[in-house]
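Content type compact mmCIF, C-alpha atoms, from the file start_14.txt:
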# COMPACT_ATOMS: atom_id res chain seq x y z
CA MET A 2 8.93 -50.49 -18.82
CA CYS A 3 6.54 -49.57 -16.06
CA SER A 4 4.44 -52.68 -15.41
CA LEU A 5 1.43 -50.66 -14.32
CA CYS A 6 1.13 -48.02 -16.97
CA GLY A 7 2.98 -49.76 -19.80
CA VAL A 8 5.06 -46.69 -20.57
CA LEU A 9 8.55 -47.41 -21.79
CA GLY A 10 11.32 -45.81 -19.84
CA GLY A 11 9.39 -43.92 -17.22
CA ASN A 12 10.67 -40.74 -15.68
CA GLU A 13 14.31 -40.06 -15.00
CA TYR A 14 14.76 -38.76 -11.48
CA TRP A 15 17.82 -36.55 -11.10
CA ALA A 16 18.96 -37.99 -7.76
CA ASP A 17 18.89 -41.51 -9.27
CA ALA A 18 21.17 -40.28 -12.08
CA VAL A 19 21.62 -42.64 -14.99
CA ALA A 20 25.01 -44.24 -15.58
CA ARG A 21 26.54 -41.77 -17.99
CA PRO A 22 30.13 -40.51 -18.24
CA GLY A 23 30.71 -37.72 -15.76
CA VAL A 24 27.31 -38.09 -14.09
CA TYR A 25 27.35 -38.64 -10.35
CA THR A 26 25.31 -41.62 -9.28
CA ARG A 27 25.00 -44.12 -6.49
CA ASN A 28 23.42 -46.62 -8.83
CA ALA A 29 26.56 -48.10 -10.30
CA SER A 30 26.15 -51.60 -8.89
CA LEU A 31 23.22 -53.68 -7.70
CA ILE A 32 24.36 -53.70 -4.07
CA GLU A 33 25.00 -49.97 -4.10
CA ARG A 34 21.63 -49.33 -5.72
CA ARG A 35 19.79 -51.38 -3.09
CA ARG A 36 21.72 -49.76 -0.24
CA GLU A 37 20.93 -46.29 -1.54
CA ARG A 38 17.30 -47.25 -2.04
CA VAL A 39 16.94 -48.34 1.60
CA ASN A 40 18.83 -45.29 2.82
CA ARG A 41 16.60 -42.98 0.80
CA MET A 42 13.45 -44.52 2.22
CA ARG A 43 14.84 -44.26 5.75
CA ILE A 44 15.59 -40.55 5.38
CA ALA A 45 12.36 -39.74 3.53
CA ASN A 46 10.41 -41.50 6.29
CA ARG A 47 11.94 -39.22 8.91
CA VAL A 48 10.38 -36.27 7.10
CA LEU A 49 7.17 -38.04 6.08
CA ALA A 50 6.52 -38.96 9.74
CA GLN A 51 5.65 -35.30 10.31
CA PHE A 52 2.81 -35.69 7.85
CA GLY A 53 1.61 -39.07 9.12
CA MET A 54 2.86 -41.05 6.14
CA THR A 55 5.19 -43.98 5.51
CA LEU A 56 7.22 -44.89 2.46
CA SER A 57 8.00 -48.52 1.73
CA ASP A 58 9.57 -50.58 -1.00
CA TRP A 59 7.53 -52.42 -3.59
CA GLN A 60 9.49 -55.32 -5.08
CA GLY A 61 12.64 -53.27 -5.47
CA THR A 62 11.15 -51.45 -8.44
CA SER A 63 8.65 -48.95 -7.05
CA PHE A 64 7.68 -47.24 -3.83
CA LEU A 65 4.47 -47.33 -1.82
CA LEU A 66 3.39 -44.24 0.08
CA SER A 67 0.76 -44.87 2.74
CA THR A 68 -1.15 -42.74 5.21
CA ARG A 69 -2.20 -43.84 8.70
CA THR A 70 -5.75 -44.30 7.43
CA GLY A 71 -4.59 -46.71 4.77
CA LYS A 72 -4.63 -44.52 1.69
CA THR A 73 -1.83 -45.87 -0.49
CA GLU A 74 -0.29 -44.88 -3.78
CA ILE A 75 2.47 -46.47 -5.81
CA MET A 76 5.15 -44.44 -7.56
CA PRO A 77 8.06 -45.43 -9.82
CA ASP A 78 10.66 -43.12 -8.25
CA LEU A 79 11.06 -40.45 -5.61
CA GLY A 80 10.69 -37.69 -8.17
CA HIS A 81 6.95 -38.29 -7.64
CA LEU A 82 7.10 -38.45 -3.85
CA TRP A 83 6.09 -34.96 -2.79
CA PRO A 84 3.20 -34.29 -5.20
CA VAL A 85 1.73 -37.67 -4.18
CA ALA A 86 2.40 -36.98 -0.49
CA GLU A 87 0.60 -33.64 -0.68
CA ARG A 88 -2.36 -35.25 -2.43
CA LEU A 89 -2.65 -38.08 0.09
CA ALA A 90 -2.09 -35.85 3.11
CA GLY A 91 -4.42 -33.16 1.82
CA ARG A 92 -1.97 -30.44 2.80
CA VAL A 93 1.26 -28.91 1.59
CA CYS A 94 4.62 -30.46 2.47
CA ASP A 95 6.86 -27.42 2.69
CA PRO A 96 10.51 -27.83 3.77
CA LEU A 97 10.66 -24.08 4.43
CA ALA A 98 7.70 -24.14 6.83
CA LEU A 99 8.94 -23.23 10.31
CA PRO A 100 7.11 -26.07 12.12
CA VAL A 101 8.74 -28.60 9.78
CA ILE A 102 12.22 -27.14 10.32
CA GLU A 103 11.74 -26.82 14.08
CA ARG A 104 10.64 -30.43 14.47
CA LEU A 105 13.69 -31.63 12.55
CA GLU A 106 15.94 -29.40 14.66
CA GLN A 107 14.40 -30.77 17.87
CA ARG A 108 15.02 -34.27 16.60
CA HIS A 109 18.70 -33.44 16.21
CA GLY A 110 18.73 -31.95 19.70
CA MET B 29 32.81 -44.10 -23.14
CA ALA B 30 32.29 -41.10 -25.41
CA ASP B 31 29.47 -38.67 -24.82
CA THR B 32 26.85 -39.87 -27.27
CA PHE B 33 24.34 -37.25 -26.26
CA THR B 34 23.91 -34.31 -28.57
CA PRO B 35 23.94 -31.04 -26.63
CA VAL B 36 20.99 -28.72 -27.20
CA ASN B 37 21.94 -25.11 -26.65
CA LEU B 38 19.16 -22.63 -26.05
CA LEU B 39 19.66 -19.13 -27.41
CA THR B 40 17.22 -16.85 -25.70
CA GLY B 41 16.87 -13.15 -24.98
CA PHE B 42 14.16 -10.54 -25.03
CA LEU B 43 12.54 -9.22 -28.21
CA GLY B 44 15.04 -7.27 -30.28
CA SER B 45 18.02 -8.15 -28.11
CA GLY B 46 20.06 -9.49 -31.02
CA LYS B 47 19.58 -13.26 -30.83
CA THR B 48 19.51 -13.79 -34.58
CA THR B 49 22.52 -11.54 -35.13
CA VAL B 50 24.47 -13.48 -32.50
CA LEU B 51 23.37 -16.77 -34.05
CA GLY B 52 24.46 -15.60 -37.49
CA ARG B 53 27.87 -14.59 -36.15
CA LEU B 54 28.29 -17.93 -34.40
CA LEU B 55 27.30 -19.98 -37.42
CA ALA B 56 29.74 -18.07 -39.62
CA ASN B 57 32.49 -19.78 -37.64
CA PRO B 58 33.66 -22.85 -39.60
CA ALA B 59 34.20 -24.68 -36.31
CA LEU B 60 30.43 -24.75 -35.87
CA SER B 61 29.63 -26.32 -39.21
CA GLY B 62 28.21 -29.39 -37.47
CA THR B 63 25.42 -27.42 -35.86
CA ALA B 64 21.72 -27.89 -36.54
CA VAL B 65 19.46 -24.94 -35.85
CA LEU B 66 15.85 -24.66 -34.78
CA ILE B 67 14.38 -21.19 -34.99
CA ASN B 68 11.12 -20.27 -33.36
CA GLU B 69 9.34 -17.05 -34.29
CA PHE B 70 6.21 -15.60 -32.85
CA GLY B 71 4.98 -13.86 -35.99
CA GLU B 72 2.94 -15.41 -38.76
CA VAL B 73 5.72 -14.97 -41.31
CA GLY B 74 9.11 -16.30 -40.28
CA LEU B 75 12.09 -14.19 -41.27
CA ASP B 76 14.88 -15.06 -38.89
CA HIS B 77 15.99 -18.15 -40.79
CA HIS B 78 16.73 -15.91 -43.80
CA LEU B 79 18.80 -13.59 -41.64
CA ILE B 80 21.30 -16.21 -40.55
CA GLU B 81 22.23 -16.73 -44.21
CA ARG B 82 22.48 -20.48 -44.04
CA ILE B 83 19.60 -22.38 -45.49
CA ASP B 84 19.90 -26.13 -45.56
CA GLU B 85 17.98 -29.04 -44.20
CA THR B 86 19.53 -28.70 -40.74
CA VAL B 87 17.88 -25.29 -40.27
CA VAL B 88 14.28 -25.75 -39.18
CA LEU B 89 11.81 -22.95 -38.65
CA LEU B 90 9.01 -23.39 -36.14
CA ARG B 91 6.37 -20.89 -37.18
CA SER B 92 3.54 -19.11 -35.50
CA GLY B 93 3.64 -19.67 -31.83
CA CYS B 94 5.90 -19.56 -28.89
CA LEU B 95 8.03 -22.59 -28.05
CA CYS B 96 7.37 -22.38 -24.36
CA CYS B 97 3.61 -22.57 -24.65
CA THR B 98 1.63 -23.14 -27.82
CA ILE B 99 4.07 -25.23 -29.83
CA ARG B 100 6.08 -27.09 -27.22
CA GLY B 101 4.98 -30.40 -28.74
CA GLU B 102 6.18 -29.15 -32.08
CA LEU B 103 9.64 -28.58 -30.61
CA ALA B 104 9.87 -32.20 -29.48
CA ARG B 105 8.59 -33.42 -32.84
CA ALA B 106 11.05 -31.22 -34.74
CA ILE B 107 14.04 -32.45 -32.73
CA ARG B 108 12.90 -36.06 -33.03
CA ASP B 109 12.54 -35.57 -36.77
CA LEU B 110 16.04 -34.10 -37.04
CA HIS B 111 17.39 -37.01 -35.02
CA SER B 112 15.59 -39.53 -37.20
CA ARG B 113 16.85 -37.95 -40.41
CA ARG B 114 20.38 -37.83 -39.01
CA GLU B 115 20.24 -41.53 -38.16
CA ARG B 116 19.08 -42.30 -41.70
CA CYS B 117 21.82 -40.06 -43.15
CA LEU B 118 19.19 -37.82 -44.75
CA VAL B 119 20.77 -34.71 -43.24
CA PRO B 120 24.43 -33.95 -42.60
CA ALA B 121 25.51 -35.40 -39.27
CA PHE B 122 25.32 -32.63 -36.68
CA GLU B 123 27.02 -32.73 -33.33
CA ARG B 124 25.09 -29.98 -31.58
CA LEU B 125 21.74 -28.27 -31.86
CA VAL B 126 20.94 -24.63 -31.25
CA VAL B 127 17.36 -23.63 -30.52
CA GLU B 128 16.63 -19.94 -30.93
CA SER B 129 13.51 -19.15 -28.94
CA THR B 130 11.13 -16.26 -29.33
CA GLY B 131 11.89 -13.17 -27.31
CA LEU B 132 8.94 -13.85 -25.05
CA ALA B 133 9.75 -17.48 -24.29
CA ASP B 134 10.17 -18.76 -20.79
CA PRO B 135 13.27 -21.01 -21.01
CA PHE B 136 12.07 -23.56 -18.45
CA PRO B 137 9.40 -25.41 -20.50
CA ILE B 138 11.85 -25.74 -23.38
CA LEU B 139 14.49 -27.35 -21.13
CA ALA B 140 11.83 -29.50 -19.51
CA THR B 141 10.73 -30.79 -22.92
CA LEU B 142 14.19 -32.24 -23.51
CA LYS B 143 14.19 -33.98 -20.18
CA ALA B 144 10.64 -35.30 -20.32
CA ASP B 145 10.40 -36.56 -23.89
CA PRO B 146 10.88 -40.35 -23.86
CA VAL B 147 12.94 -40.31 -27.06
CA LEU B 148 14.85 -37.06 -26.76
CA ARG B 149 16.19 -37.69 -23.30
CA HIS B 150 18.12 -40.73 -24.53
CA HIS B 151 19.82 -38.86 -27.36
CA PHE B 152 20.05 -35.20 -26.36
CA ARG B 153 21.18 -33.34 -23.29
CA ALA B 154 20.77 -29.75 -22.23
CA GLY B 155 23.73 -27.65 -23.32
CA ALA B 156 24.35 -24.03 -22.49
CA VAL B 157 21.59 -21.48 -22.15
CA ILE B 158 22.86 -18.33 -23.85
CA THR B 159 20.92 -15.16 -23.15
CA THR B 160 21.34 -11.99 -25.14
CA VAL B 161 20.76 -8.75 -23.27
CA ASP B 162 20.10 -5.48 -25.05
CA ALA B 163 22.30 -2.78 -23.48
CA VAL B 164 20.07 0.01 -24.80
CA ASN B 165 16.71 -1.31 -23.59
CA GLY B 166 17.74 -3.78 -20.88
CA LEU B 167 16.97 -1.55 -17.91
CA SER B 168 13.46 -0.72 -19.09
CA GLN B 169 12.79 -4.37 -19.98
CA LEU B 170 13.89 -5.38 -16.49
CA GLU B 171 11.25 -3.12 -14.98
CA ARG B 172 8.41 -4.27 -17.18
CA HIS B 173 8.90 -7.88 -18.23
CA ALA B 174 9.17 -10.92 -15.99
CA GLU B 175 10.35 -12.94 -19.02
CA TRP B 176 13.49 -10.79 -19.18
CA ILE B 177 14.37 -11.67 -15.59
CA ARG B 178 13.73 -15.38 -16.15
CA GLN B 179 15.90 -15.39 -19.27
CA VAL B 180 18.80 -13.66 -17.49
CA ALA B 181 18.46 -15.81 -14.37
CA VAL B 182 18.66 -19.09 -16.25
CA ALA B 183 21.65 -18.13 -18.42
CA ASP B 184 24.89 -20.11 -18.43
CA ARG B 185 26.35 -17.48 -20.76
CA LEU B 186 25.31 -13.86 -21.17
CA VAL B 187 25.90 -11.88 -24.34
CA LEU B 188 25.55 -8.13 -23.92
CA THR B 189 24.59 -6.54 -27.24
CA LYS B 190 24.39 -2.97 -28.57
CA THR B 191 26.88 -1.57 -26.07
CA ASP B 192 28.17 0.59 -28.93
CA LEU B 193 24.77 2.31 -29.10
CA THR B 194 24.62 3.53 -25.51
CA ASP B 195 26.84 5.12 -22.88
CA GLU B 196 29.01 3.39 -20.29
CA ILE B 197 26.94 4.65 -17.34
CA THR B 198 23.85 2.89 -18.68
CA VAL B 199 25.89 -0.23 -19.35
CA ALA B 200 27.34 -0.15 -15.82
CA ASP B 201 23.85 0.24 -14.29
CA LEU B 202 22.58 -2.65 -16.38
CA LEU B 203 25.54 -4.84 -15.42
CA THR B 204 24.87 -4.17 -11.75
CA GLN B 205 21.27 -5.28 -12.19
CA ILE B 206 22.26 -8.33 -14.23
CA ARG B 207 24.74 -9.43 -11.56
CA ARG B 208 22.06 -9.17 -8.91
CA ILE B 209 19.95 -11.64 -10.88
CA ASN B 210 22.74 -13.85 -12.20
CA PRO B 211 25.96 -13.41 -10.25
CA ASP B 212 28.24 -15.88 -11.96
CA ALA B 213 27.47 -16.53 -15.65
CA PRO B 214 30.36 -15.42 -17.92
CA LEU B 215 29.38 -12.26 -19.81
CA ILE B 216 30.61 -11.30 -23.28
CA ARG B 217 30.19 -7.89 -24.85
CA ALA B 218 29.28 -8.72 -28.43
CA ALA B 219 29.89 -5.31 -29.98
CA GLU B 220 33.51 -5.04 -28.91
CA ASN B 221 34.60 -8.68 -28.98
CA ASP B 222 34.71 -11.65 -31.25
CA LEU B 223 32.27 -14.28 -30.12
CA ASP B 224 34.05 -17.35 -28.86
CA ALA B 225 31.79 -19.92 -30.49
CA ASN B 226 33.36 -22.86 -28.71
CA GLY B 227 33.22 -21.12 -25.36
CA LEU B 228 29.55 -20.26 -25.85
CA LEU B 229 28.24 -23.49 -27.30
CA ASN B 230 30.55 -26.29 -26.21
CA HIS B 231 29.35 -26.18 -22.69
CA VAL B 232 30.57 -28.98 -20.47
CA ARG B 233 30.43 -28.19 -16.78
CA THR B 234 33.86 -28.34 -15.26
CA ALA B 235 35.36 -27.23 -12.00
CA SER B 236 36.34 -23.89 -13.50
CA ASP B 237 32.66 -23.05 -14.00
CA PHE B 238 32.38 -22.89 -10.25
CA ARG B 239 35.48 -20.84 -9.58
CA SER B 240 33.43 -17.67 -9.71
CA LEU B 241 30.89 -18.88 -7.17
CA PRO B 242 31.09 -16.51 -4.23
CA ALA B 243 31.99 -18.15 -0.94
CA CYS B 244 29.49 -16.14 1.04
CA ASP B 245 26.70 -13.67 0.66
CA ASP B 246 28.88 -10.59 0.46
CA ALA B 247 26.20 -8.14 -0.57
CA PRO B 248 22.45 -7.83 -0.60
CA ARG B 249 21.47 -8.95 -4.05
CA SER B 250 17.83 -8.07 -4.14
CA ASN B 251 16.87 -6.13 -7.20
CA GLN B 252 15.64 -2.58 -6.82
CA HIS B 253 13.30 -2.99 -9.79
CA GLY B 254 11.93 -6.41 -9.05
CA GLU B 255 12.32 -6.47 -5.27
CA ARG B 256 11.35 -10.08 -4.96
CA ILE B 257 14.04 -11.45 -7.29
CA ARG B 258 17.33 -11.98 -5.54
CA SER B 259 20.28 -14.29 -5.50
CA PHE B 260 22.09 -15.59 -2.46
CA VAL B 261 24.70 -18.16 -1.59
CA VAL B 262 24.31 -20.97 0.90
CA THR B 263 27.66 -22.13 2.22
CA VAL B 264 27.79 -25.38 4.17
CA ASP B 265 30.88 -26.20 6.22
CA GLU B 266 30.02 -29.84 6.95
CA PRO B 267 29.99 -32.47 4.21
CA ILE B 268 26.60 -32.80 2.52
CA ASP B 269 24.72 -36.07 2.78
CA TRP B 270 23.70 -36.79 -0.83
CA THR B 271 20.59 -38.79 0.06
CA ALA B 272 19.26 -36.18 2.47
CA PHE B 273 20.12 -33.43 -0.01
CA GLY B 274 18.15 -35.24 -2.73
CA VAL B 275 15.10 -35.54 -0.50
CA TRP B 276 15.40 -31.87 0.53
CA LEU B 277 15.87 -30.36 -2.93
CA THR B 278 13.09 -32.50 -4.42
CA MET B 279 10.75 -31.36 -1.65
CA LEU B 280 11.82 -27.73 -2.03
CA LEU B 281 11.34 -27.67 -5.79
CA ASN B 282 8.00 -29.45 -5.56
CA ARG B 283 6.63 -26.70 -3.33
CA HIS B 284 8.64 -23.69 -4.51
CA GLY B 285 9.95 -24.67 -7.96
CA ASP B 286 8.19 -21.76 -9.66
CA LYS B 287 10.05 -19.38 -7.36
CA VAL B 288 13.50 -21.00 -7.58
CA LEU B 289 14.56 -19.53 -10.90
CA ARG B 290 17.93 -21.22 -10.70
CA VAL B 291 20.02 -23.28 -8.34
CA LYS B 292 23.64 -24.04 -9.02
CA GLY B 293 26.25 -25.36 -6.73
CA ILE B 294 29.31 -27.38 -5.98
CA LEU B 295 28.90 -29.92 -3.20
CA ASN B 296 31.36 -31.53 -0.85
CA LEU B 297 29.61 -34.88 -0.42
CA ALA B 298 30.24 -37.13 2.55
CA GLY B 299 32.39 -40.05 1.44
CA GLU B 300 33.32 -38.53 -1.93
CA PRO B 301 36.83 -37.25 -2.60
CA ALA B 302 35.86 -34.99 -5.50
CA PRO B 303 33.09 -32.41 -5.66
CA VAL B 304 29.74 -32.89 -7.38
CA ALA B 305 28.04 -30.09 -9.28
CA ILE B 306 24.30 -29.60 -9.31
CA HIS B 307 22.33 -27.35 -11.59
CA GLY B 308 18.62 -26.75 -11.70
CA VAL B 309 16.09 -24.46 -13.32
CA ARG B 310 12.81 -24.21 -11.43
CA HIS B 311 11.27 -27.70 -11.23
CA LEU B 312 13.99 -29.22 -13.37
CA VAL B 313 17.32 -30.53 -12.04
CA HIS B 314 19.97 -31.62 -14.50
CA ASN B 315 21.94 -34.78 -13.87
CA PRO B 316 24.55 -34.10 -11.18
CA VAL B 317 28.08 -33.90 -12.57
CA HIS B 318 31.05 -35.55 -10.92
CA MET B 319 33.86 -33.01 -11.08
CA ALA B 320 37.45 -34.11 -11.54
CA ALA B 321 38.79 -31.70 -8.92
CA TRP B 322 37.98 -28.72 -6.74
CA PRO B 323 38.19 -25.35 -8.53
CA ASP B 324 40.14 -23.78 -5.62
CA GLU B 325 41.33 -24.39 -2.05
CA ASP B 326 37.89 -23.88 -0.53
CA ARG B 327 36.35 -27.28 0.26
CA ARG B 328 33.02 -26.02 1.52
CA SER B 329 29.80 -26.67 -0.38
CA ARG B 330 28.53 -23.56 -2.08
CA ILE B 331 25.07 -23.27 -3.62
CA VAL B 332 23.79 -20.19 -5.44
CA PHE B 333 20.04 -19.67 -5.47
CA ILE B 334 18.23 -17.16 -7.65
CA VAL B 335 14.78 -16.88 -6.18
CA ASP B 336 11.55 -14.96 -6.41
CA GLY B 337 10.30 -14.05 -2.96
CA ILE B 338 11.93 -16.80 -0.87
CA ASP B 339 13.61 -16.03 2.45
CA PRO B 340 17.32 -17.04 2.26
CA ASP B 341 17.52 -17.67 6.01
CA LEU B 342 14.75 -20.26 5.80
CA VAL B 343 16.58 -22.02 2.96
CA ARG B 344 19.82 -22.14 4.99
CA ARG B 345 18.09 -23.34 8.13
CA SER B 346 16.05 -25.94 6.28
CA LEU B 347 19.06 -27.36 4.42
CA THR B 348 21.05 -27.57 7.66
CA ALA B 349 18.20 -29.41 9.40
CA PHE B 350 17.76 -31.88 6.53
CA ASN B 351 21.49 -32.45 6.20
CA GLN B 352 21.54 -33.92 9.69
CA LEU B 353 18.78 -36.44 8.99
CA ASN B 354 21.16 -39.25 8.16
CA GLY B 355 22.98 -39.03 11.44
CA VAL B 356 19.97 -39.32 13.72

Rewrite the structure of this file - the entire thing - as structure tokens.
Amino acid sequence: MCSLCGVLGGNEYWADAVARPGVYTRNASLIERRRERVNRMRIANRVLAQFGMTLSDWQGTSFLLSTRTGKTEIMPDLGHLWPVAERLAGRVCDPLALPVIERLEQRHG
Amino acid sequence: MADTFTPVNLLTGFLGSGKTTVLGRLLANPALSGTAVLINEFGEVGLDHHLIERIDETVVLLRSGCLCCTIRGELARAIRDLHSRRERCLVPAFERLVVESTGLADPFPILATLKADPVLRHHFRAGAVITTVDAVNGLSQLERHAEWIRQVAVADRLVLTKTDLTDEITVADLLTQIRRINPDAPLIRAAENDLDANGLLNHVRTASDFRSLPACDDAPRSNQHGERIRSFVVTVDEPIDWTAFGVWLTMLLNRHGDKVLRVKGILNLAGEPAPVAIHGVRHLVHNPVHMAAWPDEDRRSRIVFIVDGIDPDLVRRSLTAFNQLNGV
């Protein structure tokens, strides 16, 4: 249950993938789940940096997205990341925008 | 562990394309006796449930409204009610559900309902989307109705109807257009063939589903009628980083989900010996499926996109840039 909204279950984010026969997931064990969680934040932060935002963990159960001016929002999973990011940043976060792609390409050299 | 999730198959297709006839033929097959049916009609007086000639408590009619908009809540309630009655043994145990939508329905909200409902998503999973296409009127419907394109684009199985009522040239033209919108869904001609009920409804994604995925963009697939709708293939030689891919696809669908009519692919993931299949419809991505084996010798990741007005080169370039995020 989500401790903030009291809703049972919460959303199911496809990249988290529940443990179900045949379903691909990196959430099979606690260690694997935590490792994937850290890895996902690390990669998301490389993109979010372009928009002046940072993603951090909140007690291993939720994520905090913060702007440089301190605006912060909590979210249960990364399925909510980009709508929240756009709202906090006040602009669109488009992976097909040329400036976004070019900055990532420059980063890779 | 057995699959305890009941598949929900969506039977869609434009007005008059033969959905109810196809449903009646399927349900006549004794192998499908454990099938519950939900029928949605747009008119005030529902008739379709009489046409399938099987009236029992596992056939439910949703009247007066379209599933994808006005009565979406009613769909969730009706499936929950069927589930509840099955659990209490008030209806015969059914092992699959078929939802016949109205001819004007957009399939996406119906699929999204299954995924979003807090009860349904623990008991039901999306099965095959079967789209009927009228061979006589298909070409004119393509030109005039965006719903037709959405229904064809999202299909896992296509059933071409009324081919006995038109000529082969018209059918060939229609097939060309269909393949530009949906390049890989198996297509059955209903007039000339028996309908393979198991093949249509018992849809479990396996490696063979991806055998027909083209390895490269061999032809321009934009549609001469709806210029903006096109399909293309993104082929990635390097292994895909699953975490970076998840961040990328989530970001892409958040911004462009309305324009990504369908995404389907087989991924060679870094650190994984077997491929993983992904399948999405607009903002909705189904749970990724771990495949037992590769469908062929090609070990490259292949992703088919069916899009409305998105530049394929930007998609390729963006995915390549994101895929390198983990290594920096």

If the cut-off is 9 Å, can you tell me the residues of chain A near chain B, counting all atoms listed in the file? I'd like them as number ranges by chain. A: 9-19, 21-26, 37, 40-41, 43-45, 47-48, 79-80, 82-84, 93-99, 101-103, 105-106, 108-109

Within 12 Å of (-1.0, -38.7, -0.3), in the coordinates the file gives, what residues turn up when you count only C-alpha atoms, written out as number ranges by chain? A: 49, 52-56, 65-76, 81-94

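When atom CA of B:Arg114 is paired with atom CA of B:Thr160, their separation reads 29.3 Å.
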
The residue from A:Arg27, A:Glu33, A:Arg38, A:Gln107 with the smallest atom-to-atom distance to A:Gln60, counting all atoms listed in the file, is A:Arg38

If you take every atom of stretch 318-332 of chain B that the file lists and fit an axis-aligned box around them with 5 Å extra on each side, what centre and edge lengths come out in Å to one decimal, as AutoDock Vina command-line options?
--center_x 32.6 --center_y -27.9 --center_z -5.0 --size_x 27.5 --size_y 25.4 --size_z 23.1

How would stretch 50-77 of chain A look written as a PDB file, in the first residue's frame with C-alpha atoms?
ATOM      1  CA  ALA A  50      20.807  16.722 -15.546  1.00  0.00           C
ATOM      2  CA  GLN A  51      19.945  18.315 -18.891  1.00  0.00           C
ATOM      3  CA  PHE A  52      16.775  19.649 -17.322  1.00  0.00           C
ATOM      4  CA  GLY A  53      18.359  20.742 -14.041  1.00  0.00           C
ATOM      5  CA  MET A  54      16.801  18.002 -11.946  1.00  0.00           C
ATOM      6  CA  THR A  55      17.987  15.209  -9.664  1.00  0.00           C
ATOM      7  CA  LEU A  56      16.371  11.910  -8.774  1.00  0.00           C
ATOM      8  CA  SER A  57      17.059  10.323  -5.401  1.00  0.00           C
ATOM      9  CA  ASP A  58      15.864   7.397  -3.364  1.00  0.00           C
ATOM     10  CA  TRP A  59      13.309   7.740  -0.607  1.00  0.00           C
ATOM     11  CA  GLN A  60      13.590   4.902   1.897  1.00  0.00           C
ATOM     12  CA  GLY A  61      13.924   2.269  -0.794  1.00  0.00           C
ATOM     13  CA  THR A  62      10.227   2.538  -1.588  1.00  0.00           C
ATOM     14  CA  SER A  63       9.753   5.752  -3.547  1.00  0.00           C
ATOM     15  CA  PHE A  64      11.715   8.322  -5.506  1.00  0.00           C
ATOM     16  CA  LEU A  65      12.226  12.036  -4.954  1.00  0.00           C
ATOM     17  CA  LEU A  66      12.595  14.320  -7.942  1.00  0.00           C
ATOM     18  CA  SER A  67      14.065  17.726  -7.147  1.00  0.00           C
ATOM     19  CA  THR A  68      14.876  20.848  -9.115  1.00  0.00           C
ATOM     20  CA  ARG A  69      17.814  23.165  -8.441  1.00  0.00           C
ATOM     21  CA  THR A  70      15.433  25.647  -6.838  1.00  0.00           C
ATOM     22  CA  GLY A  71      14.240  23.055  -4.376  1.00  0.00           C
ATOM     23  CA  LYS A  72      10.917  22.057  -5.866  1.00  0.00           C
ATOM     24  CA  THR A  73      10.490  18.405  -4.924  1.00  0.00           C
ATOM     25  CA  GLU A  74       7.948  15.734  -5.655  1.00  0.00           C
ATOM     26  CA  ILE A  75       7.701  12.143  -4.503  1.00  0.00           C
ATOM     27  CA  MET A  76       6.665   9.315  -6.805  1.00  0.00           C
ATOM     28  CA  PRO A  77       6.120   5.587  -6.220  1.00  0.00           C
TER      29      PRO A  77
END
